[in-house]
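**Q** Have a look at this one before I ask anything.
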Amino acid sequence: MTAPAGEARERLGAIDVGSNSIRLLVAEYDPATGLTPVDEVKDQPRLAAGLASTGRLDPAAIDRAILALRRMADVCQRRGARRISAVATAAVREAENGEEFVQRVRAEVGLPLRIIDADTEAQLSYRSVAHHFRLADTKTLIADIGGGSLELVGAVDGLVELSRSLPFGAVRLTEIFLADARNQRKALGELRKHLRKRLLRALPRTQWVGARIIGSGGTFTNLGRMVMARRGLSPADAVHGQDVSTAEVEQLLEWLGTKTPEERSAVPGLSPQRADIILAGLAVTAALLERLEAPGLTISAFGLREGLLLEMVGDVPAPVAPDPMRLVREFAERCKTDRRHVEHVRVLALSLFAKLGDELGCGPEERWLLEAASLLHDVGQLVSYQRHHKHSYQLIMHADRLGLGARERTLVALISRYHRRRGPRKKHPEFAALSGPDQAIVRRVSGLLRVADGLDRGHTAIVESVRVALTDDKLVLHVVPRLAGADLSLECWAAERKGNVLAKLLDREIEIRQGLRMGRKRKGTPEESPASRLEPVPNGRSRRGRIPRDA
């Protein structure tokens with residue numbers, strides 16, 4: 001969507017001065033589309049360095065921070081940010097000279113930096129997470145590990161019931177337990193013991209066992225990228241919504257604990273600037289999961305800065321029951337897809353799902369994945385028609401504001417990628433990296449999408465509906481035209497060429513027949529009509545050819 005003519009979108013800047021990093025996010029706000037990122041800047045002056053032992057901000061760290069903030073103020077000016085909100089958290093809040101630092105920033109940089117208390121910090125992080133995840137009807141614990149503290153916010157049905165700040169920051173704990181340790185394994189054990197004892201008193205287990213845990217901040221995003229790399233995926237892919245198991249956290253912590261900071265800096269997915277403090281951050285993560293006996297956690301790529309922006313625009317978390325396809329459609333529109341074609345493919349695909357889903361063994365989740373992939377399968381044509389299925393995969397994997405979790409994003413991207421040419425193959429690294437059940441989902445859903453896309457090969461929406469007949473050795477699709485006498489030979493040809501994946505799944509020959517349009521169109525669309533009964537058909541020779549590729 002674009003702003004109305006003559007009405008410019010407002011640009012805002014949010015700066016989070018943390019104990020380890022300072023981050024700027026410049027975003028554009030439009031009431032119709034919400035926040036759209038424009039620019040990001042990150043620096044790591046380590047304001048919390050030495051704070052645990054001296055109680056003061058180190059002069060060298062202050063100088064590094066002011067230099068970073070000066071660059072960020074320049075970016076805000078050049079990017080046209082009309083309003084800027086800058087906040088300082090644990091390190092500045094706890095330091096004896098924290099207020100002096102704030103005054104220097106205001107005088108030398110001109111930024112309206114303010115120190116926020118722990119409760120406000122937690123609330124801003126919660127607001128950001130609540131905007132990107134559905135928290136209604138669930139029990140959720142949000143964890144944000146900074147350099148100086150661990151912020152915890154617990155919510156039940158979207159209402160905050162716990163807000164707690166604990167001195168478990170990655171920089172702080174590294175300096176206390178790990179910085180000068182001769183035996184790193186023993187030091188990690190002492191740290192885990194300390195965390196276990198403190199969490200026992202600070203976090204009521206019975207109240208939050210079974211809660212969904214969402215992790216926000218640099219420790220968690222680096223954790224997600226390392227896990228993705230170990231799974232064989234690209235650590236550069238979107239990490240938001242990625243699920244990480246407790247076993248993966250423990251294995252990664254144990255493995256990284258055998259390495260030096262220099263060796264850790266080369267680990268795929270881990271930022272080299274975080275290599276010396278990642279052990280402490282992962283130890284806190286593992287201790288939290290252990291305390292709540294949680295099977296894993298979900299990663300949020302959004303944090304305090306987004307909460308600041310939402311505070312500035314007076315926005316509220318997303319509606320309790322938003323249309324799950326809205327962001328998908330908006331992305332398809334931005335990629336200039338043929339709207340009539342993808343909407344018609346969606347209708348045909350959902351009709352096939354209703355009639356063949358049980359036979360294929362599909363679960364309820366797969367209907368949603370099929371609908372999203374139907375709308376997105378052609379976005380790659382924005383880059384080029386040639387190989388557009390592969391371009392679609394890349395665009396979906398790297399899209400902003402798509403509203404998909406990491407697993408959903410990967411599945412939808414792969415289903416879209418396999419809508420043409422060859423079907424899913426284990427020699428493709430992205431497909432091979434999936435679990436067995438997820439590979440089966442991609443095969444089933446892409447098999448349906450391929451046929452539906454073939455049935456609108458000419459992008460004319462000429463196919464009104466599809467009737468299905470199934471025997472022990474054959475699947476027959478009776479294709480009914482929207483107009484009596486219309487020629488559907490192109491659509492039948494294309495659907496047959498793309499039916500190889502579905503034929504293999506059903507272990508049946510596939511035959512496409514052009515049916516006759518009988519009388520008036522029945523009220524309702526094919527997706528709204530109940531699944532037609534699978535009718536037997538006479539045995540006959542299938543027209544399906546052995547053609548491994550389609551146009």
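Ordering of the structure tokens sets the chain letters (A, B, ...); residue numbers start at 1 within each chain; ligands are numbered from 1 in the order shown.
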Enumerate, in order of chain and increasing residue number, the residues of segment 51-146 of chain A with an atom no farther than 12 Å from segment 279-282 of chain A, each with its shortest atom pair and distance in Å to one decimal, counting only C-alpha atoms, as JSON lines.
**A**
{"residue": "A:Ala143", "atom": "CA", "partner": "A:Gly281", "partner_atom": "CA", "distance": 11.4}
{"residue": "A:Asp144", "atom": "CA", "partner": "A:Gly281", "partner_atom": "CA", "distance": 10.2}
{"residue": "A:Ile145", "atom": "CA", "partner": "A:Gly281", "partner_atom": "CA", "distance": 6.9}
{"residue": "A:Gly146", "atom": "CA", "partner": "A:Gly281", "partner_atom": "CA", "distance": 8.4}
**Q** So how far away is atom CA of Val501 of chain A from atom CA of Gly458 of chain A, in Å?
**A**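 We find that atom CA of Gly458 of chain A and atom CA of Val501 of chain A lie 21.2 Å from each other.
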**Q** Return as a list in words the full set of residues in segment 215-279 of chain A whose backbone-based DSSP assignment is strand (DSSP E or B).
**A**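 Of segment 215-279 of chain A, the ones in strand (DSSP E or B) are Gly215, Ser216, Asp243, Val244 and Ser245 of chain A.
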**Q** Please identify all polymer residues within 6 Å of segment 206-220 of chain A, counting only C-alpha atoms, omitting same-chain residues fewer than 3 positions from it, and present them as a PDB file with all heavy atoms, in the first residue's frame.
**A**
ATOM      1  N   LYS A 139      -0.679 -18.729  27.863  1.00  0.00           N
ATOM      2  CA  LYS A 139       0.179 -18.312  28.981  1.00  0.00           C
ATOM      3  C   LYS A 139       1.579 -18.159  28.404  1.00  0.00           C
ATOM      4  O   LYS A 139       2.144 -19.112  27.849  1.00  0.00           O
ATOM      5  CB  LYS A 139       0.141 -19.354  30.092  1.00  0.00           C
ATOM      6  CG  LYS A 139       0.948 -18.971  31.315  1.00  0.00           C
ATOM      7  CD  LYS A 139       0.562 -19.818  32.535  1.00  0.00           C
ATOM      8  CE  LYS A 139       0.792 -21.295  32.315  1.00  0.00           C
ATOM      9  NZ  LYS A 139       0.568 -22.079  33.550  1.00  0.00           N
ATOM     10  N   THR A 140       2.148 -16.961  28.517  1.00  0.00           N
ATOM     11  CA  THR A 140       3.407 -16.644  27.841  1.00  0.00           C
ATOM     12  C   THR A 140       4.390 -16.015  28.809  1.00  0.00           C
ATOM     13  O   THR A 140       4.027 -15.163  29.615  1.00  0.00           O
ATOM     14  CB  THR A 140       3.162 -15.659  26.674  1.00  0.00           C
ATOM     15  OG1 THR A 140       2.117 -16.154  25.841  1.00  0.00           O
ATOM     16  CG2 THR A 140       4.423 -15.476  25.862  1.00  0.00           C
ATOM     17  N   LEU A 141       5.646 -16.434  28.709  1.00  0.00           N
ATOM     18  CA  LEU A 141       6.723 -15.809  29.467  1.00  0.00           C
ATOM     19  C   LEU A 141       7.729 -15.250  28.469  1.00  0.00           C
ATOM     20  O   LEU A 141       8.291 -15.994  27.660  1.00  0.00           O
ATOM     21  CB  LEU A 141       7.410 -16.808  30.395  1.00  0.00           C
ATOM     22  CG  LEU A 141       8.467 -16.215  31.337  1.00  0.00           C
ATOM     23  CD1 LEU A 141       7.802 -15.334  32.393  1.00  0.00           C
ATOM     24  CD2 LEU A 141       9.279 -17.317  32.004  1.00  0.00           C
ATOM     25  N   ILE A 142       7.940 -13.938  28.503  1.00  0.00           N
ATOM     26  CA  ILE A 142       8.856 -13.274  27.582  1.00  0.00           C
ATOM     27  C   ILE A 142      10.153 -12.976  28.318  1.00  0.00           C
ATOM     28  O   ILE A 142      10.142 -12.381  29.394  1.00  0.00           O
ATOM     29  CB  ILE A 142       8.236 -11.977  27.037  1.00  0.00           C
ATOM     30  CG1 ILE A 142       6.948 -12.295  26.263  1.00  0.00           C
ATOM     31  CG2 ILE A 142       9.219 -11.236  26.137  1.00  0.00           C
ATOM     32  CD1 ILE A 142       6.083 -11.092  26.003  1.00  0.00           C
ATOM     33  N   ALA A 143      11.264 -13.405  27.732  1.00  0.00           N
ATOM     34  CA  ALA A 143      12.573 -13.213  28.337  1.00  0.00           C
ATOM     35  C   ALA A 143      13.441 -12.359  27.427  1.00  0.00           C
ATOM     36  O   ALA A 143      13.509 -12.608  26.220  1.00  0.00           O
ATOM     37  CB  ALA A 143      13.249 -14.559  28.590  1.00  0.00           C
ATOM     38  N   ASP A 144      14.092 -11.352  27.985  1.00  0.00           N
ATOM     39  CA  ASP A 144      15.008 -10.493  27.232  1.00  0.00           C
ATOM     40  C   ASP A 144      16.321 -10.429  28.004  1.00  0.00           C
ATOM     41  O   ASP A 144      16.392  -9.851  29.090  1.00  0.00           O
ATOM     42  CB  ASP A 144      14.409  -9.097  27.063  1.00  0.00           C
ATOM     43  CG  ASP A 144      15.220  -8.222  26.109  1.00  0.00           C
ATOM     44  OD1 ASP A 144      16.419  -8.497  25.932  1.00  0.00           O
ATOM     45  OD2 ASP A 144      14.658  -7.267  25.542  1.00  0.00           O
ATOM     46  N   LEU A 223      21.398 -17.290  19.117  1.00  0.00           N
ATOM     47  CA  LEU A 223      21.065 -18.694  19.354  1.00  0.00           C
ATOM     48  C   LEU A 223      20.307 -19.266  18.158  1.00  0.00           C
ATOM     49  O   LEU A 223      20.632 -20.349  17.655  1.00  0.00           O
ATOM     50  CB  LEU A 223      20.220 -18.816  20.629  1.00  0.00           C
ATOM     51  CG  LEU A 223      19.483 -20.148  20.851  1.00  0.00           C
ATOM     52  CD1 LEU A 223      20.474 -21.286  21.016  1.00  0.00           C
ATOM     53  CD2 LEU A 223      18.559 -20.047  22.069  1.00  0.00           C
ATOM     54  N   GLY A 281      25.043 -15.893  28.187  1.00  0.00           N
ATOM     55  CA  GLY A 281      23.687 -15.753  27.699  1.00  0.00           C
ATOM     56  C   GLY A 281      22.991 -17.085  27.526  1.00  0.00           C
ATOM     57  O   GLY A 281      21.816 -17.251  27.902  1.00  0.00           O
ATOM     58  N   LEU A 292      11.581 -24.139  34.314  1.00  0.00           N
ATOM     59  CA  LEU A 292      10.175 -24.296  33.940  1.00  0.00           C
ATOM     60  C   LEU A 292       9.897 -25.632  33.247  1.00  0.00           C
ATOM     61  O   LEU A 292       8.782 -25.862  32.759  1.00  0.00           O
ATOM     62  CB  LEU A 292       9.754 -23.143  33.024  1.00  0.00           C
ATOM     63  CG  LEU A 292       9.857 -21.753  33.645  1.00  0.00           C
ATOM     64  CD1 LEU A 292       9.388 -20.693  32.666  1.00  0.00           C
ATOM     65  CD2 LEU A 292       9.049 -21.670  34.942  1.00  0.00           C
ATOM     66  N   LEU A 297      11.803 -22.965  23.200  1.00  0.00           N
ATOM     67  CA  LEU A 297      11.368 -21.573  23.183  1.00  0.00           C
ATOM     68  C   LEU A 297      11.226 -21.097  21.743  1.00  0.00           C
ATOM     69  O   LEU A 297      11.679 -21.748  20.803  1.00  0.00           O
ATOM     70  CB  LEU A 297      12.366 -20.688  23.941  1.00  0.00           C
ATOM     71  CG  LEU A 297      13.834 -20.708  23.476  1.00  0.00           C
ATOM     72  CD1 LEU A 297      14.080 -19.685  22.376  1.00  0.00           C
ATOM     73  CD2 LEU A 297      14.765 -20.427  24.649  1.00  0.00           C
ATOM     74  N   THR A 298      10.585 -19.939  21.603  1.00  0.00           N
ATOM     75  CA  THR A 298      10.409 -19.296  20.305  1.00  0.00           C
ATOM     76  C   THR A 298      11.162 -17.976  20.316  1.00  0.00           C
ATOM     77  O   THR A 298      11.156 -17.262  21.314  1.00  0.00           O
ATOM     78  CB  THR A 298       8.915 -19.041  20.023  1.00  0.00           C
ATOM     79  OG1 THR A 298       8.210 -20.285  20.079  1.00  0.00           O
ATOM     80  CG2 THR A 298       8.712 -18.416  18.641  1.00  0.00           C
ATOM     81  N   ILE A 299      11.797 -17.660  19.198  1.00  0.00           N
ATOM     82  CA  ILE A 299      12.641 -16.466  19.136  1.00  0.00           C
ATOM     83  C   ILE A 299      11.897 -15.318  18.473  1.00  0.00           C
ATOM     84  O   ILE A 299      11.268 -15.481  17.428  1.00  0.00           O
ATOM     85  CB  ILE A 299      13.941 -16.769  18.369  1.00  0.00           C
ATOM     86  CG1 ILE A 299      14.779 -17.746  19.189  1.00  0.00           C
ATOM     87  CG2 ILE A 299      14.732 -15.496  18.090  1.00  0.00           C
ATOM     88  CD1 ILE A 299      15.919 -18.346  18.444  1.00  0.00           C
ATOM     89  N   SER A 300      11.988 -14.148  19.104  1.00  0.00           N
ATOM     90  CA  SER A 300      11.461 -12.920  18.521  1.00  0.00           C
ATOM     91  C   SER A 300      12.626 -12.071  18.033  1.00  0.00           C
ATOM     92  O   SER A 300      13.581 -11.841  18.766  1.00  0.00           O
ATOM     93  CB  SER A 300      10.650 -12.128  19.555  1.00  0.00           C
ATOM     94  OG  SER A 300      10.316 -10.843  19.040  1.00  0.00           O
ATOM     95  N   GLY A 303      12.367  -6.258  19.490  1.00  0.00           N
ATOM     96  CA  GLY A 303      12.596  -6.014  20.909  1.00  0.00           C
ATOM     97  C   GLY A 303      12.206  -4.624  21.350  1.00  0.00           C
ATOM     98  O   GLY A 303      11.220  -4.055  20.882  1.00  0.00           O
TER      99      GLY A 303
END
**Q** Rank A:His391, A:Leu369, A:Glu430, A:Asp507 by their smallest atom-to-atom distance to Ile415 of chain A, using only C-alpha atoms, and report the top residue only.
**A**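 Counting only C-alpha atoms, the residue closest to Ile415 of chain A is A:Leu369.
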**Q** Which residue, A:Met228, A:Val466, A:Leu506, A:Leu488, has the smallest gap to Asp358 of chain A when you use only C-alpha atoms?
**A**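 Nearest candidate to Asp358 of chain A out of A:Met228, A:Val466, A:Leu506, A:Leu488: A:Leu506.
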**Q** Could you tell me which of A:Arg70, A:Ala52, A:Val26, A:Leu199 comes closest to Ala286 of chain A if we count only C-alpha atoms?
**A**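 Answer, going by the shortest atom-to-atom distance: A:Leu199.
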**Q** Find the residues of segment 443-467 of chain A that sit at most 12 Å from segment 472-479 of chain A; for each, write down the nearest two atoms and how far apart they are in Å, to one decimal. Count only C-alpha atoms. Sort by chain, then by number going up, and give it as CSV.
**A**
residue,atom,partner,partner_atom,distance
A:Val451,CA,A:Leu477,CA,10.1
A:Ala452,CA,A:Val479,CA,11.0
A:Gly454,CA,A:Val479,CA,11.6
A:Leu455,CA,A:Val479,CA,8.4
A:Asp456,CA,A:Val479,CA,11.1
A:Ile462,CA,A:Val479,CA,10.0
A:Val463,CA,A:Val479,CA,6.7
A:Glu464,CA,A:Val479,CA,7.7
A:Ser465,CA,A:Val479,CA,6.2
A:Val466,CA,A:Val479,CA,4.7
A:Arg467,CA,A:His478,CA,4.9
**Q** Restricting it to N, CA, C and O atoms, dump the selection as a tab-separated table (two decimals), in the first residue's frame.
**A**
chain	number	residue	atom	x	y	z
A	451	VAL	N	-1.04	-28.91	-9.24
A	451	VAL	CA	-2.20	-29.19	-10.09
A	451	VAL	C	-3.10	-27.97	-10.18
A	451	VAL	O	-3.59	-27.60	-11.26
A	452	ALA	N	-3.33	-27.28	-9.04
A	452	ALA	CA	-4.19	-26.10	-9.05
A	452	ALA	C	-3.60	-25.01	-9.94
A	452	ALA	O	-4.32	-24.34	-10.69
A	454	GLY	N	-1.62	-25.48	-12.49
A	454	GLY	CA	-1.79	-25.93	-13.87
A	454	GLY	C	-3.18	-25.66	-14.41
A	454	GLY	O	-3.37	-25.36	-15.59
A	455	LEU	N	-4.18	-25.77	-13.54
A	455	LEU	CA	-5.57	-25.56	-13.96
A	455	LEU	C	-5.89	-24.10	-14.26
A	455	LEU	O	-6.99	-23.80	-14.72
A	456	ASP	N	-4.94	-23.20	-14.01
A	456	ASP	CA	-5.10	-21.82	-14.45
A	456	ASP	C	-3.86	-21.40	-15.23
A	456	ASP	O	-3.35	-20.30	-15.08
A	462	ILE	N	-10.64	-19.56	-16.11
A	462	ILE	CA	-11.70	-20.15	-16.92
A	462	ILE	C	-12.25	-21.44	-16.30
A	462	ILE	O	-13.35	-21.87	-16.62
A	463	VAL	N	-11.46	-22.06	-15.42
A	463	VAL	CA	-11.94	-23.28	-14.76
A	463	VAL	C	-12.82	-22.89	-13.58
A	463	VAL	O	-12.37	-22.20	-12.67
A	464	GLU	N	-14.07	-23.34	-13.64
A	464	GLU	CA	-15.00	-22.99	-12.56
A	464	GLU	C	-14.84	-23.89	-11.35
A	464	GLU	O	-14.83	-23.43	-10.21
A	465	SER	N	-14.71	-25.19	-11.59
A	465	SER	CA	-14.63	-26.13	-10.48
A	465	SER	C	-14.00	-27.43	-10.96
A	465	SER	O	-13.83	-27.66	-12.16
A	466	VAL	N	-13.66	-28.27	-10.00
A	466	VAL	CA	-13.06	-29.57	-10.28
A	466	VAL	C	-13.82	-30.63	-9.49
A	466	VAL	O	-14.00	-30.49	-8.28
A	467	ARG	N	-14.27	-31.66	-10.20
A	467	ARG	CA	-14.89	-32.82	-9.53
A	467	ARG	C	-13.89	-33.96	-9.52
A	467	ARG	O	-13.15	-34.16	-10.48
**Q** Smallest atom-to-atom distance to Ala332 of chain A: which of A:Asp30, A:Leu352, A:Arg401, A:Glu366, using only C-alpha atoms?
**A** A:Arg401
**Q** Find the residues near Gly380 of chain A: any atom within 9 Å, counting only C-alpha atoms, skip ones fewer than 4 places away on the same chain, and give them as a ChimeraX atom specification.
**A** /A:335,337,376,384-385,387-396
**Q** Hey, can you spit out that residue selection with all heavy atoms as a short mmCIF file (atom, residue, chain, number, x, y, z; two decimals), in the first residue's frame?
**A**
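See selection27.cif below for the written result:
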data_model
loop_
_atom_site.label_atom_id
_atom_site.label_comp_id
_atom_site.auth_asym_id
_atom_site.auth_seq_id
_atom_site.Cartn_x
_atom_site.Cartn_y
_atom_site.Cartn_z
N CYS A 335 4.83 -7.40 -4.53
CA CYS A 335 5.62 -8.11 -5.54
C CYS A 335 4.93 -8.10 -6.90
O CYS A 335 5.41 -8.75 -7.84
CB CYS A 335 5.89 -9.55 -5.10
SG CYS A 335 6.99 -9.67 -3.67
N THR A 337 2.16 -9.44 -8.12
CA THR A 337 1.66 -10.68 -8.68
C THR A 337 0.33 -10.44 -9.39
O THR A 337 -0.35 -9.44 -9.15
CB THR A 337 1.46 -11.74 -7.59
OG1 THR A 337 0.57 -11.22 -6.58
CG2 THR A 337 2.77 -12.14 -6.95
N LEU A 376 1.37 -16.80 -2.77
CA LEU A 376 2.75 -16.32 -2.87
C LEU A 376 3.58 -17.04 -3.93
O LEU A 376 4.72 -16.64 -4.18
CB LEU A 376 3.45 -16.49 -1.51
CG LEU A 376 2.92 -15.65 -0.34
CD1 LEU A 376 3.64 -16.01 0.95
CD2 LEU A 376 3.05 -14.17 -0.62
N SER A 384 12.29 -12.22 -12.12
CA SER A 384 12.39 -12.72 -13.48
C SER A 384 11.43 -13.88 -13.64
O SER A 384 11.24 -14.66 -12.70
CB SER A 384 13.82 -13.17 -13.78
OG SER A 384 13.88 -13.90 -14.99
N TYR A 385 10.85 -14.02 -14.84
CA TYR A 385 9.98 -15.18 -15.05
C TYR A 385 10.80 -16.46 -15.04
O TYR A 385 10.38 -17.48 -14.48
CB TYR A 385 9.22 -15.07 -16.38
CG TYR A 385 8.37 -16.29 -16.64
CD1 TYR A 385 7.14 -16.44 -16.00
CD2 TYR A 385 8.81 -17.32 -17.46
CE1 TYR A 385 6.37 -17.58 -16.19
CE2 TYR A 385 8.05 -18.45 -17.66
CZ TYR A 385 6.83 -18.58 -17.02
OH TYR A 385 6.08 -19.71 -17.21
N ARG A 387 13.08 -19.16 -13.87
CA ARG A 387 13.45 -19.61 -12.51
C ARG A 387 12.68 -18.86 -11.43
O ARG A 387 13.16 -18.71 -10.31
CB ARG A 387 14.96 -19.44 -12.28
CG ARG A 387 15.83 -20.29 -13.20
CD ARG A 387 17.27 -19.78 -13.28
NE ARG A 387 17.87 -19.67 -11.96
CZ ARG A 387 18.60 -20.62 -11.39
NH1 ARG A 387 18.82 -21.76 -12.03
NH2 ARG A 387 19.13 -20.45 -10.21
N HIS A 388 11.47 -18.39 -11.78
CA HIS A 388 10.76 -17.58 -10.79
C HIS A 388 10.35 -18.40 -9.57
O HIS A 388 10.13 -17.84 -8.49
CB HIS A 388 9.54 -16.87 -11.41
CG HIS A 388 8.38 -17.75 -11.71
ND1 HIS A 388 8.16 -18.29 -12.97
CD2 HIS A 388 7.34 -18.18 -10.94
CE1 HIS A 388 7.04 -18.99 -12.95
NE2 HIS A 388 6.54 -18.95 -11.74
N HIS A 389 10.26 -19.72 -9.71
CA HIS A 389 9.93 -20.54 -8.54
C HIS A 389 11.05 -20.45 -7.50
O HIS A 389 10.80 -20.40 -6.29
CB HIS A 389 9.69 -21.99 -8.96
CG HIS A 389 10.78 -22.61 -9.75
ND1 HIS A 389 11.25 -22.08 -10.93
CD2 HIS A 389 11.54 -23.72 -9.53
CE1 HIS A 389 12.21 -22.84 -11.41
NE2 HIS A 389 12.42 -23.83 -10.57
N LYS A 390 12.31 -20.39 -7.97
CA LYS A 390 13.44 -20.26 -7.04
C LYS A 390 13.52 -18.84 -6.47
O LYS A 390 13.86 -18.65 -5.30
CB LYS A 390 14.74 -20.63 -7.75
CG LYS A 390 14.80 -22.09 -8.16
CD LYS A 390 16.14 -22.44 -8.79
CE LYS A 390 16.19 -23.92 -9.18
NZ LYS A 390 17.49 -24.28 -9.78
N HIS A 391 13.19 -17.86 -7.31
CA HIS A 391 13.15 -16.48 -6.81
C HIS A 391 12.05 -16.33 -5.74
O HIS A 391 12.22 -15.59 -4.77
CB HIS A 391 12.90 -15.50 -7.95
CG HIS A 391 13.98 -15.50 -8.99
ND1 HIS A 391 15.31 -15.50 -8.68
CD2 HIS A 391 13.91 -15.48 -10.35
CE1 HIS A 391 16.04 -15.49 -9.79
NE2 HIS A 391 15.21 -15.48 -10.82
N SER A 392 10.93 -17.03 -5.94
CA SER A 392 9.84 -16.98 -4.95
C SER A 392 10.34 -17.48 -3.60
O SER A 392 10.06 -16.88 -2.55
CB SER A 392 8.65 -17.81 -5.41
OG SER A 392 8.02 -17.24 -6.53
N TYR A 393 11.09 -18.58 -3.63
CA TYR A 393 11.63 -19.12 -2.38
C TYR A 393 12.47 -18.07 -1.66
O TYR A 393 12.31 -17.84 -0.45
CB TYR A 393 12.47 -20.37 -2.67
CG TYR A 393 13.25 -20.86 -1.47
CD1 TYR A 393 12.63 -21.66 -0.51
CD2 TYR A 393 14.58 -20.50 -1.28
CE1 TYR A 393 13.34 -22.09 0.61
CE2 TYR A 393 15.29 -20.93 -0.17
CZ TYR A 393 14.66 -21.72 0.78
OH TYR A 393 15.35 -22.13 1.88
N GLN A 394 13.38 -17.43 -2.39
CA GLN A 394 14.28 -16.46 -1.77
C GLN A 394 13.53 -15.25 -1.23
O GLN A 394 13.80 -14.77 -0.12
CB GLN A 394 15.34 -16.01 -2.78
CG GLN A 394 16.32 -17.10 -3.19
CD GLN A 394 17.19 -17.58 -2.04
OE1 GLN A 394 17.39 -16.85 -1.06
NE2 GLN A 394 17.69 -18.80 -2.14
N LEU A 395 12.57 -14.74 -2.00
CA LEU A 395 11.82 -13.56 -1.56
C LEU A 395 11.01 -13.87 -0.31
O LEU A 395 10.94 -13.06 0.62
CB LEU A 395 10.90 -13.08 -2.68
CG LEU A 395 11.59 -12.38 -3.86
CD1 LEU A 395 10.58 -12.08 -4.96
CD2 LEU A 395 12.26 -11.08 -3.41
N ILE A 396 10.38 -15.03 -0.27
CA ILE A 396 9.57 -15.39 0.91
C ILE A 396 10.46 -15.57 2.13
O ILE A 396 10.12 -15.13 3.24
CB ILE A 396 8.76 -16.67 0.62
CG1 ILE A 396 7.71 -16.41 -0.47
CG2 ILE A 396 8.07 -17.17 1.89
CD1 ILE A 396 7.07 -17.66 -1.02
#
**Q** For Tyr29 of chain A, find every residue with an atom within 8 Å (counting only C-alpha atoms), except residues of its own chain fewer than 5 positions away, and show them as a list in words.
**A**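 Once the nearby chain positions are removed, what remains is Arg9, Glu10, Arg11, Leu12, Gly34, Leu35, Thr36 and Val313 of chain A.
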**Q** Just N, CA and C atoms for this one: save the residues we selected as a compact mmCIF listing (two decimals), in the first residue's frame.
**A**
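Saved file again-v2.txt follows:
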# COMPACT_ATOMS: atom_id res chain seq x y z
N ARG A 9 4.38 9.68 4.82
CA ARG A 9 4.40 8.85 6.02
C ARG A 9 5.40 9.45 7.02
N GLU A 10 5.07 9.37 8.28
CA GLU A 10 5.96 9.91 9.31
C GLU A 10 7.10 8.95 9.57
N ARG A 11 8.30 9.50 9.67
CA ARG A 11 9.47 8.70 9.99
C ARG A 11 9.89 8.94 11.43
N LEU A 12 10.17 7.83 12.12
CA LEU A 12 10.50 7.87 13.54
C LEU A 12 11.80 7.14 13.78
N GLY A 34 0.96 0.26 9.24
CA GLY A 34 1.77 0.13 10.44
C GLY A 34 3.20 0.60 10.24
N LEU A 35 4.14 -0.07 10.90
CA LEU A 35 5.55 0.31 10.88
C LEU A 35 6.30 -0.44 9.79
N THR A 36 7.10 0.29 9.02
CA THR A 36 7.95 -0.31 8.00
C THR A 36 9.39 0.12 8.25
N VAL A 313 3.79 6.03 18.42
CA VAL A 313 2.62 6.19 17.54
C VAL A 313 1.32 5.89 18.25
**Q** Excluding Thr174 of chain A and any residue of its chain fewer than 5 positions from it, enumerate the residues within 12 Å of it, using only C-alpha atoms, and give them as number ranges by chain.
**A** A: 20, 48-52, 147-148, 167-169, 179-181, 184, 187-188, 190-191, 261, 274-284
**Q** Set the distance at 9 Å and use only C-alpha atoms: which residues neighbour segment 75-87 of chain A once local chain neighbours fewer than 4 positions away are removed? I'd like the list as a ChimeraX atom specification.
**A** /A:10-18,24-28,38-39,41,70-71,111-116,305,308-309,312
**Q** Closest to Thr410 of chain A among A:Ala484, A:Val244, A:Leu233, A:Glu343, using only C-alpha atoms?
**A** A:Leu233
**Q** Which residue out of A:Arg23, A:Arg457, A:Gln514, A:Leu360 has the minimum interatomic distance to His341 of chain A when only C-alpha atoms are used?
**A**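 For His341 of chain A, the nearest of the given residues is A:Arg457.
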**Q** Calculate how many Å separate atom CA of Asp243 of chain A from atom CA of Leu310 of chain A, rounding to one decimal.
**A**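 Going from atom CA of Asp243 of chain A over to atom CA of Leu310 of chain A covers 25.2 Å.
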**Q** Between atom CA of Arg46 of chain A and atom CA of Ala60 of chain A, what is the distance, to one decimal in Å?
**A**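 Atom CA of Arg46 of chain A sits 9.6 Å away from atom CA of Ala60 of chain A.
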